[in-house]
Amino acid sequence: MTPEAVLSHPARVLSQRQRESYFSDGYVVVESLFGPAELADILTVVDHFLELSKRETRSGEVFDLAPGHSADSPRLRRLRRPHQHHPLFWEIATGVLADLAANLVGPDVVFHHSKLNFKWNDGHDQVDWHQDIQFYPHTNYSPLTIGLVLHDMTLANGALGFVPGSHAFLDTLRHRPPSIANSVIERCNN
Ligand SMILES: O=C(O)CCC(=O)C(=O)O
């Protein structure tokens, strides 16, 4: 669907202005999607999985563990497919997040996958600049990522950054380390 066709459908979660800024900047930040009580419920479930991960010593189907992970010093990098492990995650994905997606892609929304990332504020497991689209099966640019941020994001704890307008580059970018020419970050700095 074209942005005009998407915008012709009534907004459900986002304002019309937020939807327009998504199409012009390539991203939109939505503050306080969940209230304090709902957020507390989500964090309780997240803590439950963090506790479960302490019993694990190697990565597997459910937990992706960074080197050095232990019960005393957990380094859970990722909970894989959280929507399959707890109904709350599926409820969120098919509830407010599906409505949010419908605001940006039109009413026919297809869920593809989920993951829950953890950041440990110790400099390990840095996520370099990249375009998510490269990692998705796609034939057009309708797929989108919805990141649900569960803690305040600051420069000190691995804040996610965006490059406004980079969605409109005519080509997808080569994914190489930042030190090498034509990496995503060098292209964005030009
Ligand atoms: O949280 C981040 O820094 C980026 C996460 C991301 O792009 C991903 O998991 O695909």
# chains A, B, ... in the order shown; residues from 1 in each chain; ligands from 1
>>> residues_near_ligand(ligand="ligand 1", cutoff="9 Å", atoms="only C-alpha atoms and all ligand atoms", output="ChimeraX atom specification")
/A:78,115-119,126-132,135,145,147,149,158-161
>>> residues_around(residues="A:Tyr22", least_positions_apart="2", cutoff="12 Å", atoms="only C-alpha atoms", output="list of chain:residue names")
A:Pro3, A:Val6, A:Leu7, A:Leu14, A:Ser15, A:Gln16, A:Arg17, A:Gln18, A:Arg19, A:Glu20, A:Ser24, A:Asp25, A:Gly26, A:Tyr27, A:Val28, A:Val29, A:Val30, A:Leu100, A:Ala101, A:Asn103, A:Leu104, A:Val105, A:Leu144, A:Phe162, A:Pro164, A:Gly165, A:Ser166, A:His167, A:Ala168
>>> residues_around(residues="A:Val45", least_positions_apart="3", cutoff="12 Å", atoms="only C-alpha atoms", output="JSON, numbers by chain")
{"A": [38, 39, 40, 41, 42, 48, 49, 50, 51, 52, 79, 82, 83, 85, 86, 87, 88, 89, 116, 150]}
>>> write_last_selection(atoms="C-alpha atoms", output="PDB file, in the first residue's frame")
ATOM      1  CA  GLU A  38       0.657  -2.841  32.610  1.00  0.00           C
ATOM      2  CA  LEU A  39       4.371  -2.148  32.411  1.00  0.00           C
ATOM      3  CA  ALA A  40       4.869  -3.663  35.874  1.00  0.00           C
ATOM      4  CA  ASP A  41       3.044  -6.820  34.730  1.00  0.00           C
ATOM      5  CA  ILE A  42       5.282  -7.101  31.659  1.00  0.00           C
ATOM      6  CA  HIS A  48      10.561 -14.604  35.484  1.00  0.00           C
ATOM      7  CA  PHE A  49      12.397 -15.520  32.270  1.00  0.00           C
ATOM      8  CA  LEU A  50      15.585 -13.903  33.507  1.00  0.00           C
ATOM      9  CA  GLU A  51      15.362 -16.116  36.592  1.00  0.00           C
ATOM     10  CA  LEU A  52      14.784 -19.210  34.436  1.00  0.00           C
ATOM     11  CA  LEU A  79      14.668 -14.554  24.852  1.00  0.00           C
ATOM     12  CA  PRO A  82       8.705 -14.752  23.637  1.00  0.00           C
ATOM     13  CA  HIS A  83       5.166 -14.920  22.199  1.00  0.00           C
ATOM     14  CA  HIS A  85       6.531 -18.862  25.901  1.00  0.00           C
ATOM     15  CA  HIS A  86       4.038 -16.631  27.677  1.00  0.00           C
ATOM     16  CA  PRO A  87       0.474 -15.596  26.762  1.00  0.00           C
ATOM     17  CA  LEU A  88       1.098 -11.990  27.803  1.00  0.00           C
ATOM     18  CA  PHE A  89       3.568 -11.519  24.955  1.00  0.00           C
ATOM     19  CA  LEU A 116      13.126  -9.927  23.590  1.00  0.00           C
ATOM     20  CA  LEU A 150      10.582  -1.611  28.783  1.00  0.00           C
TER      21      LEU A 150
END
>>> select_by_dssp(residues="chain A", states="helix (DSSP H, G or I)", output="JSON, numbers by chain")
{"A": [3, 4, 5, 6, 7, 16, 17, 18, 19, 20, 21, 22, 23, 24, 25, 36, 37, 38, 39, 40, 41, 42, 43, 44, 45, 46, 47, 48, 49, 50, 51, 52, 53, 82, 83, 84, 87, 88, 89, 90, 91, 92, 93, 94, 96, 97, 98, 99, 100, 101, 102, 103, 104, 105, 132, 133, 134, 135, 155, 156, 157, 166, 167, 168, 184, 185, 186, 187, 188, 189]}
>>> atom_distance(atom1="atom CA of A:Arg80", atom2="atom CA of A:Asp64")
7.1 Å
>>> atom_distance(atom1="atom CA of A:Ile92", atom2="atom CA of A:Met1")
24.6 Å
>>> select_by_dssp(residues="stretch 32-129 of chain A", states="strand (DSSP E or B)", output="VMD selection string")
chain A and resid 63 to 65 76 to 80 115 to 117
